[in-house]
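*Asks:* Below is start07.txt; it holds compact mmCIF, C-alpha atoms and all ligand atoms.
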# COMPACT_ATOMS: atom_id res chain seq x y z
CA MET A 14 -3.21 37.32 -29.26
CA VAL A 15 0.22 35.97 -28.33
CA LEU A 16 -0.26 32.82 -30.41
CA ALA A 17 -1.56 34.85 -33.35
CA ASP A 18 1.35 37.30 -33.08
CA ALA A 19 3.67 34.28 -33.04
CA GLY A 20 2.26 33.14 -36.40
CA CYS A 21 -0.45 30.63 -35.38
CA GLU A 22 -3.97 30.45 -36.78
CA VAL A 23 -6.16 30.71 -33.67
CA SER A 24 -9.70 29.50 -33.19
CA LEU A 25 -11.16 31.08 -30.05
CA TRP A 26 -14.09 29.33 -28.36
CA GLY A 27 -16.62 31.18 -26.21
CA ARG A 28 -19.98 30.20 -24.82
CA ARG A 29 -22.02 32.98 -26.39
CA ALA A 30 -22.58 32.82 -30.17
CA GLU A 31 -23.46 36.53 -30.30
CA LEU A 32 -20.15 37.47 -28.66
CA ALA A 33 -18.22 35.23 -31.10
CA LYS A 34 -19.98 37.04 -33.97
CA GLU A 35 -19.20 40.43 -32.44
CA ILE A 36 -15.52 39.48 -32.05
CA ASN A 37 -15.29 38.35 -35.69
CA ALA A 38 -17.06 41.44 -36.98
CA GLY A 39 -15.42 44.10 -34.77
CA ARG A 40 -12.07 42.38 -33.97
CA VAL A 41 -12.53 43.29 -30.32
CA ASN A 42 -13.80 41.48 -27.20
CA PRO A 43 -15.85 44.30 -25.65
CA ASP A 44 -16.53 42.50 -22.35
CA TYR A 45 -13.02 41.33 -21.48
CA LEU A 46 -10.54 43.41 -23.50
CA PRO A 47 -12.28 46.61 -24.56
CA GLY A 48 -10.19 48.83 -26.80
CA VAL A 49 -7.74 46.11 -27.83
CA GLU A 50 -7.73 45.20 -31.54
CA LEU A 51 -7.49 41.44 -31.99
CA PRO A 52 -5.18 40.09 -34.74
CA ALA A 53 -6.79 38.92 -37.98
CA ALA A 54 -5.50 35.36 -37.37
CA ILE A 55 -8.07 34.92 -34.56
CA THR A 56 -11.50 33.56 -35.44
CA ALA A 57 -14.08 33.22 -32.69
CA THR A 58 -16.70 30.47 -32.56
CA ALA A 59 -19.25 29.14 -30.10
CA ASP A 60 -18.88 25.63 -31.53
CA PRO A 61 -16.25 23.66 -29.59
CA ALA A 62 -15.94 21.06 -32.37
CA GLU A 63 -15.08 23.79 -34.87
CA ALA A 64 -12.52 25.28 -32.47
CA ALA A 65 -10.85 21.99 -31.56
CA HIS A 66 -11.03 19.63 -34.53
CA ASP A 67 -7.56 20.14 -36.08
CA ALA A 68 -5.69 22.01 -33.34
CA ASP A 69 -1.99 21.28 -32.75
CA PHE A 70 -2.43 22.94 -29.34
CA THR A 71 -5.69 23.18 -27.41
CA VAL A 72 -5.30 26.00 -24.89
CA LEU A 73 -7.61 25.62 -21.89
CA VAL A 74 -8.48 28.79 -19.98
CA VAL A 75 -11.69 28.80 -18.00
CA PRO A 76 -12.11 29.29 -14.23
CA SER A 77 -10.35 26.30 -12.64
CA GLN A 78 -13.40 24.96 -10.83
CA THR A 79 -15.26 24.70 -14.17
CA LEU A 80 -12.53 22.85 -16.06
CA ARG A 81 -13.69 19.31 -15.27
CA GLY A 82 -17.24 19.90 -16.49
CA ASN A 83 -16.20 21.80 -19.59
CA LEU A 84 -13.46 19.37 -20.58
CA ALA A 85 -15.75 16.36 -20.19
CA ALA A 86 -17.96 17.92 -22.88
CA TRP A 87 -15.03 18.85 -25.14
CA ALA A 88 -13.00 15.63 -24.82
CA PRO A 89 -14.75 13.74 -27.68
CA MET A 90 -14.07 16.68 -30.04
CA LEU A 91 -10.33 17.08 -29.40
CA ALA A 92 -7.90 16.49 -32.28
CA PRO A 93 -6.21 13.08 -31.83
CA ASP A 94 -2.63 14.29 -31.20
CA THR A 95 -3.35 17.72 -29.82
CA VAL A 96 -1.27 19.00 -26.91
CA LEU A 97 -3.52 20.32 -24.14
CA VAL A 98 -2.16 23.52 -22.63
CA SER A 99 -3.35 24.84 -19.27
CA LEU A 100 -3.25 28.58 -18.56
CA MET A 101 -5.23 28.08 -15.36
CA LYS A 102 -3.87 28.88 -11.89
CA GLY A 103 -6.06 26.97 -9.48
CA VAL A 104 -6.42 23.69 -7.59
CA GLU A 105 -9.66 21.72 -7.80
CA LEU A 106 -11.87 21.82 -4.72
CA GLY A 107 -12.63 18.41 -3.22
CA THR A 108 -9.96 16.47 -5.12
CA ALA A 109 -7.04 18.90 -4.51
CA LYS A 110 -5.91 18.12 -8.07
CA ARG A 111 -3.76 20.43 -10.15
CA MET A 112 -5.23 21.47 -13.50
CA SER A 113 -2.85 19.21 -15.49
CA GLU A 114 -4.02 16.27 -13.37
CA VAL A 115 -7.66 17.09 -14.11
CA ILE A 116 -6.78 17.30 -17.82
CA THR A 117 -4.97 13.94 -18.00
CA GLU A 118 -7.83 12.32 -16.11
CA VAL A 119 -10.79 13.81 -17.98
CA ALA A 120 -9.29 13.85 -21.50
CA ASP A 121 -7.62 10.48 -20.86
CA VAL A 122 -4.26 11.58 -22.27
CA PRO A 123 -0.74 10.86 -21.00
CA ALA A 124 1.16 13.55 -19.06
CA GLU A 125 3.43 14.01 -22.12
CA ARG A 126 0.47 15.53 -23.98
CA VAL A 127 -0.28 18.14 -21.31
CA ALA A 128 1.62 21.42 -20.89
CA VAL A 129 1.33 24.43 -18.62
CA LEU A 130 1.96 28.08 -19.47
CA THR A 131 2.50 30.28 -16.43
CA GLY A 132 4.49 33.20 -15.02
CA PRO A 133 4.07 36.94 -14.42
CA ASN A 134 1.49 37.50 -17.16
CA LEU A 135 -1.17 40.03 -16.18
CA ALA A 136 -3.55 39.88 -19.15
CA LYS A 137 -3.93 43.63 -19.74
CA GLU A 138 -0.15 44.14 -19.95
CA ILE A 139 0.24 41.20 -22.34
CA ALA A 140 -2.60 42.60 -24.48
CA ALA A 141 -0.72 45.91 -24.57
CA ARG A 142 2.26 43.90 -25.89
CA GLN A 143 4.48 45.02 -23.02
CA PRO A 144 7.61 42.83 -22.70
CA ALA A 145 7.09 39.79 -20.47
CA ALA A 146 8.52 36.34 -19.91
CA ALA A 147 6.77 33.09 -19.06
CA VAL A 148 7.39 29.39 -18.47
CA VAL A 149 6.09 26.58 -20.65
CA ALA A 150 6.29 23.32 -18.73
CA CYS A 151 5.79 19.74 -19.82
CA VAL A 152 7.29 16.51 -18.56
CA ASP A 153 8.36 15.94 -22.19
CA GLU A 154 10.88 18.68 -22.95
CA THR A 155 10.40 18.37 -26.73
CA VAL A 156 6.70 19.20 -26.29
CA ALA A 157 7.63 22.23 -24.15
CA GLN A 158 10.02 23.31 -26.92
CA ARG A 159 7.27 22.98 -29.55
CA LEU A 160 4.97 25.14 -27.45
CA GLN A 161 7.78 27.63 -26.84
CA ALA A 162 8.26 27.97 -30.60
CA ALA A 163 4.51 28.40 -31.09
CA CYS A 164 4.17 31.33 -28.69
CA ILE A 165 7.43 33.27 -28.80
CA THR A 166 7.10 36.86 -30.03
CA PRO A 167 9.26 40.00 -29.78
CA TYR A 168 7.34 40.97 -26.60
CA PHE A 169 6.65 37.51 -25.11
CA ARG A 170 9.56 35.29 -24.09
CA PRO A 171 8.68 31.78 -22.90
CA TYR A 172 11.30 29.59 -21.17
CA THR A 173 10.92 25.79 -21.01
CA ASN A 174 10.79 23.75 -17.82
CA THR A 175 9.98 20.08 -17.12
CA ASP A 176 8.84 20.69 -13.52
CA VAL A 177 5.09 20.76 -14.13
CA VAL A 178 4.25 20.28 -10.44
CA GLY A 179 6.37 23.25 -9.32
CA CYS A 180 5.13 25.52 -12.11
CA GLU A 181 1.48 24.79 -11.36
CA LEU A 182 1.92 25.19 -7.60
CA GLY A 183 3.72 28.51 -8.11
CA GLY A 184 0.75 29.80 -10.14
CA ALA A 185 -1.95 28.56 -7.76
CA VAL A 186 -0.39 29.48 -4.42
CA LYS A 187 0.65 32.98 -5.54
CA ASN A 188 -3.05 33.80 -5.87
CA VAL A 189 -3.53 32.96 -2.18
CA ILE A 190 -0.50 35.03 -1.17
CA GLY A 191 -1.80 37.81 -3.45
CA LEU A 192 -5.02 37.81 -1.43
CA ALA A 193 -2.99 38.04 1.80
CA VAL A 194 -0.90 40.96 0.51
CA GLY A 195 -4.06 42.67 -0.74
CA ILE A 196 -5.66 42.28 2.68
CA ALA A 197 -2.56 43.82 4.31
CA ASN A 198 -2.69 46.64 1.78
CA GLY A 199 -6.37 47.28 2.50
CA MET A 200 -5.63 47.37 6.22
CA GLY A 201 -3.16 50.16 5.57
CA LEU A 202 -0.07 48.09 6.35
CA GLY A 203 3.22 49.08 4.74
CA ASP A 204 5.97 47.51 2.70
CA ASN A 205 7.67 45.61 5.53
CA SER A 206 4.45 43.71 6.16
CA LYS A 207 3.90 43.05 2.45
CA ALA A 208 7.50 41.92 1.87
CA THR A 209 7.17 39.59 4.86
CA LEU A 210 4.01 38.02 3.42
CA ILE A 211 5.61 37.64 -0.02
CA THR A 212 8.78 36.05 1.33
CA ARG A 213 7.12 33.77 3.88
CA GLY A 214 4.48 33.00 1.24
CA LEU A 215 7.22 31.81 -1.07
CA ALA A 216 8.63 29.74 1.81
CA GLU A 217 5.32 27.93 2.31
CA THR A 218 4.90 27.44 -1.45
CA THR A 219 8.38 25.91 -1.63
CA ARG A 220 7.69 23.64 1.39
CA LEU A 221 4.57 22.34 -0.31
CA GLY A 222 6.41 21.92 -3.60
CA LEU A 223 9.23 19.95 -1.99
CA ALA A 224 6.70 17.64 -0.31
CA MET A 225 5.08 17.08 -3.72
CA GLY A 226 8.31 16.35 -5.58
CA ALA A 227 8.80 19.73 -7.27
CA ASP A 228 12.23 21.21 -7.98
CA PRO A 229 12.83 23.95 -5.36
CA LEU A 230 14.63 26.07 -7.98
CA THR A 231 11.34 26.47 -9.88
CA PHE A 232 10.10 28.71 -7.06
CA SER A 233 12.89 31.25 -7.56
CA GLY A 234 11.98 31.43 -11.25
CA LEU A 235 9.19 33.07 -13.27
CA ALA A 236 6.50 30.60 -12.16
CA GLY A 237 7.35 31.21 -8.49
CA LEU A 238 8.92 34.50 -7.45
CA GLY A 239 8.17 36.16 -10.80
CA ASP A 240 4.42 35.62 -10.66
CA LEU A 241 4.31 36.31 -6.92
CA VAL A 242 5.93 39.73 -7.42
CA ALA A 243 3.60 40.65 -10.31
CA THR A 244 0.47 39.58 -8.45
CA CYS A 245 1.40 41.06 -5.09
CA SER A 246 2.47 44.42 -6.49
CA SER A 247 -0.13 45.10 -9.17
CA PRO A 248 -3.57 46.69 -8.85
CA LEU A 249 -4.34 44.80 -12.11
CA SER A 250 -4.28 41.52 -10.14
CA ARG A 251 -7.82 40.41 -9.34
CA ASN A 252 -6.61 38.44 -6.30
CA ASN A 253 -4.66 41.39 -4.92
CA THR A 254 -7.62 43.74 -5.49
CA PHE A 255 -10.06 41.24 -3.95
CA GLY A 256 -7.85 41.11 -0.83
CA THR A 257 -7.55 44.89 -0.71
CA ASN A 258 -11.34 45.24 -0.68
CA LEU A 259 -11.61 42.68 2.14
CA GLY A 260 -8.84 44.41 4.10
CA ARG A 261 -10.67 47.73 3.74
CA GLY A 262 -13.63 46.17 5.52
CA MET A 263 -15.92 45.06 2.70
CA THR A 264 -17.80 41.82 3.41
CA LEU A 265 -17.16 38.71 1.34
CA GLN A 266 -20.47 39.17 -0.48
CA GLU A 267 -19.74 42.84 -1.23
CA THR A 268 -16.27 41.93 -2.45
CA ILE A 269 -17.58 39.15 -4.71
CA ALA A 270 -20.18 41.55 -6.12
CA ALA A 271 -17.44 44.13 -6.85
CA THR A 272 -15.25 41.54 -8.65
CA LYS A 273 -16.26 41.07 -12.28
CA GLN A 274 -13.58 38.54 -13.19
CA THR A 275 -12.12 35.36 -11.75
CA ALA A 276 -10.03 35.67 -8.56
CA GLU A 277 -8.85 32.06 -8.39
CA GLY A 278 -7.39 32.30 -4.88
CA VAL A 279 -10.83 32.82 -3.34
CA LYS A 280 -11.78 29.20 -4.01
CA SER A 281 -8.31 27.72 -4.36
CA CYS A 282 -7.15 28.90 -0.91
CA GLU A 283 -9.27 26.03 0.46
CA SER A 284 -7.91 23.44 -1.96
CA VAL A 285 -4.33 24.65 -1.45
CA LEU A 286 -4.81 24.27 2.31
CA ASP A 287 -6.25 20.82 1.63
CA LEU A 288 -3.13 19.95 -0.42
CA GLY A 289 -0.92 21.16 2.42
CA ARG A 290 -2.79 18.96 4.92
CA ARG A 291 -2.65 15.93 2.60
CA HIS A 292 1.14 16.36 2.40
CA GLY A 293 1.66 17.26 6.06
CA VAL A 294 2.87 20.78 5.23
CA ASP A 295 2.30 23.75 7.52
CA MET A 296 0.83 26.66 5.50
CA PRO A 297 0.08 29.43 8.00
CA ILE A 298 -0.54 32.25 5.51
CA THR A 299 -2.89 30.10 3.45
CA GLU A 300 -4.67 29.08 6.66
CA THR A 301 -5.01 32.76 7.61
CA VAL A 302 -6.48 33.64 4.20
CA VAL A 303 -9.01 30.80 4.48
CA SER A 304 -10.01 31.99 7.96
CA ILE A 305 -10.62 35.54 6.71
CA VAL A 306 -12.26 34.70 3.37
CA HIS A 307 -14.33 31.68 4.33
CA ASP A 308 -14.73 31.75 8.11
CA GLY A 309 -15.34 35.49 8.40
CA LYS A 310 -12.46 36.08 10.83
CA PRO A 311 -11.72 39.82 11.09
CA PRO A 312 -8.35 40.51 9.37
CA ILE A 313 -6.98 42.25 12.47
CA VAL A 314 -7.64 39.15 14.62
CA ALA A 315 -6.20 36.80 11.97
CA LEU A 316 -3.09 38.98 11.69
CA LYS A 317 -2.52 38.93 15.44
CA GLU A 318 -2.76 35.12 15.42
CA LEU A 319 -0.33 34.86 12.50
CA MET A 320 2.21 37.07 14.32
CA SER A 321 1.88 35.20 17.62
CA ARG A 322 2.85 31.78 16.26
CA SER A 323 5.77 30.17 18.07
CA ALA A 324 9.23 31.47 17.15
CA LYS A 325 11.22 29.24 14.80
CA PRO A 326 14.30 29.14 12.54
CA GLU A 327 13.91 30.73 9.11
CA ARG A 328 14.76 27.50 7.32
CA ARG A 329 13.58 24.12 8.46
N1 LIG A 401 -6.31 37.37 -16.55
C1 LIG A 401 -5.02 37.15 -16.29
O1 LIG A 401 -4.22 38.08 -16.14
C2 LIG A 401 -4.52 35.74 -16.22
C3 LIG A 401 -3.17 35.51 -16.46
C4 LIG A 401 -2.69 34.22 -16.39
C5 LIG A 401 -3.56 33.18 -16.04
N2 LIG A 401 -4.86 33.44 -15.81
C6 LIG A 401 -5.71 32.32 -15.44
O2 LIG A 401 -6.71 32.12 -16.41
C7 LIG A 401 -7.83 31.46 -15.81
C8 LIG A 401 -9.09 32.15 -16.24
O3 LIG A 401 -9.01 33.47 -15.79
P1 LIG A 401 -9.42 34.71 -16.69
O4 LIG A 401 -8.51 35.83 -16.36
O5 LIG A 401 -9.58 34.34 -18.11
O6 LIG A 401 -10.82 34.96 -16.01
P2 LIG A 401 -11.97 35.91 -16.51
O7 LIG A 401 -12.92 35.95 -15.39
O8 LIG A 401 -11.41 37.16 -17.07
O9 LIG A 401 -12.58 35.11 -17.75
C9 LIG A 401 -13.09 33.84 -17.58
C10 LIG A 401 -13.70 33.38 -18.90
O10 LIG A 401 -14.30 32.12 -18.69
C11 LIG A 401 -15.69 32.20 -18.99
N3 LIG A 401 -16.41 31.35 -18.07
C12 LIG A 401 -16.84 31.63 -16.82
N4 LIG A 401 -17.48 30.56 -16.28
C13 LIG A 401 -17.43 29.60 -17.24
C14 LIG A 401 -17.92 28.28 -17.31
N5 LIG A 401 -18.59 27.73 -16.30
N6 LIG A 401 -17.69 27.58 -18.43
C15 LIG A 401 -17.03 28.12 -19.47
N7 LIG A 401 -16.55 29.37 -19.48
C16 LIG A 401 -16.75 30.09 -18.37
C17 LIG A 401 -16.06 33.65 -18.87
O11 LIG A 401 -17.18 33.94 -19.69
C18 LIG A 401 -14.77 34.32 -19.40
O12 LIG A 401 -14.75 34.32 -20.81
C19 LIG A 401 -7.60 31.50 -14.31
O13 LIG A 401 -7.18 30.24 -13.87
C20 LIG A 401 -6.49 32.52 -14.15
O14 LIG A 401 -5.70 32.26 -13.01
C21 LIG A 401 -5.37 34.69 -15.91
O1 LIG A 402 -5.39 38.83 -11.83
P1 LIG A 402 -4.81 37.66 -11.10
O2 LIG A 402 -4.62 37.89 -9.65
O3 LIG A 402 -5.57 36.40 -11.43
O4 LIG A 402 -3.34 37.44 -11.70
C1 LIG A 402 -3.20 37.30 -13.09
C2 LIG A 402 -1.98 36.51 -13.46
O5 LIG A 402 -2.02 35.23 -12.88
C3 LIG A 402 -0.68 37.19 -13.13
O6 LIG A 402 0.38 36.45 -13.65
Just dump the structure as structure tokens.
Ligand SMILES: NC(=O)c1ccc[n+]([C@@H]2O[C@H](COP(=O)([O-])OP(=O)(O)OC[C@H]3O[C@@H](n4cnc5c(N)ncnc54)[C@H](O)[C@@H]3O)[C@@H](O)[C@H]2O)c1
Ligand SMILES: O=P(O)(O)OC[C@H](O)CO
*Replies:*
Amino acid sequence: MVLADAGCEVSLWGRRAELAKEINAGRVNPDYLPGVELPAAITATADPAEAAHDADFTVLVVPSQTLRGNLAAWAPMLAPDTVLVSLMKGVELGTAKRMSEVITEVADVPAERVAVLTGPNLAKEIAARQPAAAVVACVDETVAQRLQAACITPYFRPYTNTDVVGCELGGAVKNVIGLAVGIANGMGLGDNSKATLITRGLAETTRLGLAMGADPLTFSGLAGLGDLVATCSSPLSRNNTFGTNLGRGMTLQETIAATKQTAEGVKSCESVLDLGRRHGVDMPITETVVSIVHDGKPPIVALKELMSRSAKPERR
């Protein structure tokens, strides 16, 4: 919608041919955006070759853990000079790779042809054309500027950045912190607790970023603090809601069953922790989320452990 509103012709790929037909006929995606009229410049197709063959930008947005498999199938159909744009906010399990790393590897393109779009962009609010800002990041600033020009609208304001590592980490780790804040919320904890998780969550994101060569200033921008605030304060966030359900006492299986869309932090908390370990970075909130989500530790026990860590200076 944003690209179409910015003046682009958009070809939207989906797996189900019948849904593509329905979207073209009714100009609405009944499963994912009911009630939102899609611009006429969007044409849906179930044929990836048709969607990709002459695209200036190929925007990739599937659940992070499915990117590698999907992209391997699409790679032969990509337009020769297309810029691959990731909207995904996850880290690959097993490899601990960021989505742009998976893209360069699987599509066999240089980093200059891969960009990331991230920031406080809850889909339903964007679809309602409420004002929002975002970051478009690429190691090649001219590519980021081209993407910025392609997606700027009166309600959507993208800023450029060349710190791809920081922007991607901001997007992936905020989902884990969103789970933690949701859990606190579900346990009935108040705003001091939530503000503590947000702030210390940003501290551990920044520590990881520094160890990975990111610019620390990225984390006080839209891709860091901005997205963290949106995710941790909104009931529209799937990660936040997932955490809230867990904190209220639902089991993991019940919570998964109640979640119809992708909550990236549920899988990526493990790969983010893996990244932290690979870089020798202490990530206590991420570790706590993993222990609750994947090891079945009761939130009250995990919280006590988090609060009884040894005292330390705020900055180190
Ligand atoms: N929804 C948001 O507000 C939002 C905002 C910014 C970024 N993102 C990111 O976008 C990514 C996707 O999330 P989403 O919100 O679109 O999730 P979603 O669950 O709403 O939609 C996922 C889409 O991918 C499809 N899909 C599921 N499994 C697939 C597979 N194996 N192969 C191909 N397609 C598959 C689904 O049919 C659906 O169309 C995530 O990384 C998320 O962090 C989401
Ligand atoms: O619904 P969530 O938790 O995946 O968050 C959506 C976006 O990433 C918010 O910017």
*Asks:* Within 12 Å of range 101-122 of chain A, which residues of range 17-79 of chain A come that close, and what is the closest atom pair and distance in Å for each? Count only C-alpha atoms and give it as JSON lines.
*Replies:*
{"residue": "A:Thr71", "atom": "CA", "partner": "A:Ile116", "partner_atom": "CA", "distance": 11.3}
{"residue": "A:Val72", "atom": "CA", "partner": "A:Met101", "partner_atom": "CA", "distance": 9.8}
{"residue": "A:Leu73", "atom": "CA", "partner": "A:Met101", "partner_atom": "CA", "distance": 7.4}
{"residue": "A:Val74", "atom": "CA", "partner": "A:Met101", "partner_atom": "CA", "distance": 5.7}
{"residue": "A:Val75", "atom": "CA", "partner": "A:Met101", "partner_atom": "CA", "distance": 7.0}
{"residue": "A:Pro76", "atom": "CA", "partner": "A:Met101", "partner_atom": "CA", "distance": 7.1}
{"residue": "A:Ser77", "atom": "CA", "partner": "A:Gly103", "partner_atom": "CA", "distance": 5.4}
{"residue": "A:Gln78", "atom": "CA", "partner": "A:Glu105", "partner_atom": "CA", "distance": 5.8}
{"residue": "A:Thr79", "atom": "CA", "partner": "A:Glu105", "partner_atom": "CA", "distance": 9.0}
*Asks:* Which residue out of A:Met263, A:Val15, A:Leu210, A:Leu84 has the minimum interatomic distance to Ala141 in chain A when all atoms listed in the file are used?
*Replies:*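 So, comparing all the options, the nearest one is A:Val15.
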*Asks:* I'd like to know which of A:Leu160, A:Val178, A:Val49, A:Ala276 is closest to ligand LIG 401 (chain A), using only C-alpha atoms and all ligand atoms.
*Replies:*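 The answer is A:Ala276, which sits nearest to ligand LIG 401 (chain A).
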*Asks:* When you count all atoms listed in the file, which of these residues is closest to Lys207 in chain A: A:Cys164, A:Val242, A:Leu221, A:Ala19?
*Replies:*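 Of the candidates, the smallest distance to Lys207 in chain A is held by A:Val242.
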*Asks:* Could you report the residues within 10 Å of ligand LIG 401 (chain A), using all atoms listed in the file, as a ChimeraX atom specification?
*Replies:* /A:26-29,42,44-46,73-84,99-104,112,130-140,147,184-185,187-188,240,244,249-252,272-278,281
*Asks:* Deliver the residues from the most recent selection as a file, using C-alpha atoms, as a PDB file, keeping the file's coordinate frame.
*Replies:*
ATOM      1  CA  TRP A  26     -14.090  29.330 -28.360  1.00  0.00           C
ATOM      2  CA  GLY A  27     -16.620  31.180 -26.210  1.00  0.00           C
ATOM      3  CA  ARG A  28     -19.980  30.200 -24.820  1.00  0.00           C
ATOM      4  CA  ARG A  29     -22.020  32.980 -26.390  1.00  0.00           C
ATOM      5  CA  ASN A  42     -13.800  41.480 -27.200  1.00  0.00           C
ATOM      6  CA  ASP A  44     -16.530  42.500 -22.350  1.00  0.00           C
ATOM      7  CA  TYR A  45     -13.020  41.330 -21.480  1.00  0.00           C
ATOM      8  CA  LEU A  46     -10.540  43.410 -23.500  1.00  0.00           C
ATOM      9  CA  LEU A  73      -7.610  25.620 -21.890  1.00  0.00           C
ATOM     10  CA  VAL A  74      -8.480  28.790 -19.980  1.00  0.00           C
ATOM     11  CA  VAL A  75     -11.690  28.800 -18.000  1.00  0.00           C
ATOM     12  CA  PRO A  76     -12.110  29.290 -14.230  1.00  0.00           C
ATOM     13  CA  SER A  77     -10.350  26.300 -12.640  1.00  0.00           C
ATOM     14  CA  GLN A  78     -13.400  24.960 -10.830  1.00  0.00           C
ATOM     15  CA  THR A  79     -15.260  24.700 -14.170  1.00  0.00           C
ATOM     16  CA  LEU A  80     -12.530  22.850 -16.060  1.00  0.00           C
ATOM     17  CA  ARG A  81     -13.690  19.310 -15.270  1.00  0.00           C
ATOM     18  CA  GLY A  82     -17.240  19.900 -16.490  1.00  0.00           C
ATOM     19  CA  ASN A  83     -16.200  21.800 -19.590  1.00  0.00           C
ATOM     20  CA  LEU A  84     -13.460  19.370 -20.580  1.00  0.00           C
ATOM     21  CA  SER A  99      -3.350  24.840 -19.270  1.00  0.00           C
ATOM     22  CA  LEU A 100      -3.250  28.580 -18.560  1.00  0.00           C
ATOM     23  CA  MET A 101      -5.230  28.080 -15.360  1.00  0.00           C
ATOM     24  CA  LYS A 102      -3.870  28.880 -11.890  1.00  0.00           C
ATOM     25  CA  GLY A 103      -6.060  26.970  -9.480  1.00  0.00           C
ATOM     26  CA  VAL A 104      -6.420  23.690  -7.590  1.00  0.00           C
ATOM     27  CA  MET A 112      -5.230  21.470 -13.500  1.00  0.00           C
ATOM     28  CA  LEU A 130       1.960  28.080 -19.470  1.00  0.00           C
ATOM     29  CA  THR A 131       2.500  30.280 -16.430  1.00  0.00           C
ATOM     30  CA  GLY A 132       4.490  33.200 -15.020  1.00  0.00           C
ATOM     31  CA  PRO A 133       4.070  36.940 -14.420  1.00  0.00           C
ATOM     32  CA  ASN A 134       1.490  37.500 -17.160  1.00  0.00           C
ATOM     33  CA  LEU A 135      -1.170  40.030 -16.180  1.00  0.00           C
ATOM     34  CA  ALA A 136      -3.550  39.880 -19.150  1.00  0.00           C
ATOM     35  CA  LYS A 137      -3.930  43.630 -19.740  1.00  0.00           C
ATOM     36  CA  GLU A 138      -0.150  44.140 -19.950  1.00  0.00           C
ATOM     37  CA  ILE A 139       0.240  41.200 -22.340  1.00  0.00           C
ATOM     38  CA  ALA A 140      -2.600  42.600 -24.480  1.00  0.00           C
ATOM     39  CA  ALA A 147       6.770  33.090 -19.060  1.00  0.00           C
ATOM     40  CA  GLY A 184       0.750  29.800 -10.140  1.00  0.00           C
ATOM     41  CA  ALA A 185      -1.950  28.560  -7.760  1.00  0.00           C
ATOM     42  CA  LYS A 187       0.650  32.980  -5.540  1.00  0.00           C
ATOM     43  CA  ASN A 188      -3.050  33.800  -5.870  1.00  0.00           C
ATOM     44  CA  ASP A 240       4.420  35.620 -10.660  1.00  0.00           C
ATOM     45  CA  THR A 244       0.470  39.580  -8.450  1.00  0.00           C
ATOM     46  CA  LEU A 249      -4.340  44.800 -12.110  1.00  0.00           C
ATOM     47  CA  SER A 250      -4.280  41.520 -10.140  1.00  0.00           C
ATOM     48  CA  ARG A 251      -7.820  40.410  -9.340  1.00  0.00           C
ATOM     49  CA  ASN A 252      -6.610  38.440  -6.300  1.00  0.00           C
ATOM     50  CA  THR A 272     -15.250  41.540  -8.650  1.00  0.00           C
ATOM     51  CA  LYS A 273     -16.260  41.070 -12.280  1.00  0.00           C
ATOM     52  CA  GLN A 274     -13.580  38.540 -13.190  1.00  0.00           C
ATOM     53  CA  THR A 275     -12.120  35.360 -11.750  1.00  0.00           C
ATOM     54  CA  ALA A 276     -10.030  35.670  -8.560  1.00  0.00           C
ATOM     55  CA  GLU A 277      -8.850  32.060  -8.390  1.00  0.00           C
ATOM     56  CA  GLY A 278      -7.390  32.300  -4.880  1.00  0.00           C
ATOM     57  CA  SER A 281      -8.310  27.720  -4.360  1.00  0.00           C
TER      58      SER A 281
END
*Asks:* Nearest to ligand LIG 402 (chain A) among A:Ala150, A:Val96, A:Leu235, A:Leu16, with distances taken over all atoms listed in the file: which residue is it?
*Replies:*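 Checking each candidate against ligand LIG 402 (chain A), we get A:Leu235 as the closest.
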*Asks:* For Glu154 in chain A, please output as JSON, numbers by chain all residues within 9 Å (counting only C-alpha atoms; exclusion window: fewer than 4 positions along the same chain).
*Replies:* {"A": [125, 150, 158, 159, 173, 174, 175]}
*Asks:* Identify which of the residues A:Met90, A:Gly256, A:Ala208, A:Val98 lies closest to ligand LIG 402 (chain A), counting all atoms listed in the file when measuring atom-to-atom distances.
*Replies:* A:Gly256
*Asks:* Given all atoms listed in the file as the basis, pick out the residue of A:Leu202, A:Cys245, A:Val294, A:Leu91 nearest to ligand LIG 402 (chain A).
*Replies:* A:Cys245
*Asks:* Enter the distance from CA of Glu267 in chain A to CA of Val306 in chain A, in Å, rounded to one decimal.
*Replies:*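 Going from CA of Glu267 in chain A over to CA of Val306 in chain A, I get 12.0 Å.
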*Asks:* My structure is short of atoms at range 178-183 of chain A; please model N, CA and C atoms there, returning them as an mmCIF file, keeping the file's coordinate frame.
*Replies:*
data_model
loop_
_atom_site.group_PDB
_atom_site.id
_atom_site.type_symbol
_atom_site.label_atom_id
_atom_site.label_comp_id
_atom_site.auth_asym_id
_atom_site.auth_seq_id
_atom_site.Cartn_x
_atom_site.Cartn_y
_atom_site.Cartn_z
ATOM 1 N N VAL A 178 4.806 20.143 -11.792
ATOM 2 C CA VAL A 178 4.250 20.280 -10.440
ATOM 3 C C VAL A 178 4.628 21.640 -9.842
ATOM 4 N N GLY A 179 5.912 21.982 -9.891
ATOM 5 C CA GLY A 179 6.370 23.250 -9.320
ATOM 6 C C GLY A 179 5.751 24.442 -10.025
ATOM 7 N N CYS A 180 5.690 24.380 -11.358
ATOM 8 C CA CYS A 180 5.130 25.520 -12.110
ATOM 9 C C CYS A 180 3.661 25.719 -11.768
ATOM 10 N N GLU A 181 2.907 24.635 -11.671
ATOM 11 C CA GLU A 181 1.480 24.790 -11.360
ATOM 12 C C GLU A 181 1.268 25.276 -9.921
ATOM 13 N N LEU A 182 2.074 24.748 -8.991
ATOM 14 C CA LEU A 182 1.920 25.190 -7.600
ATOM 15 C C LEU A 182 2.271 26.671 -7.469
ATOM 16 N N GLY A 183 3.339 27.093 -8.155
ATOM 17 C CA GLY A 183 3.720 28.510 -8.110
ATOM 18 C C GLY A 183 2.544 29.386 -8.525
#
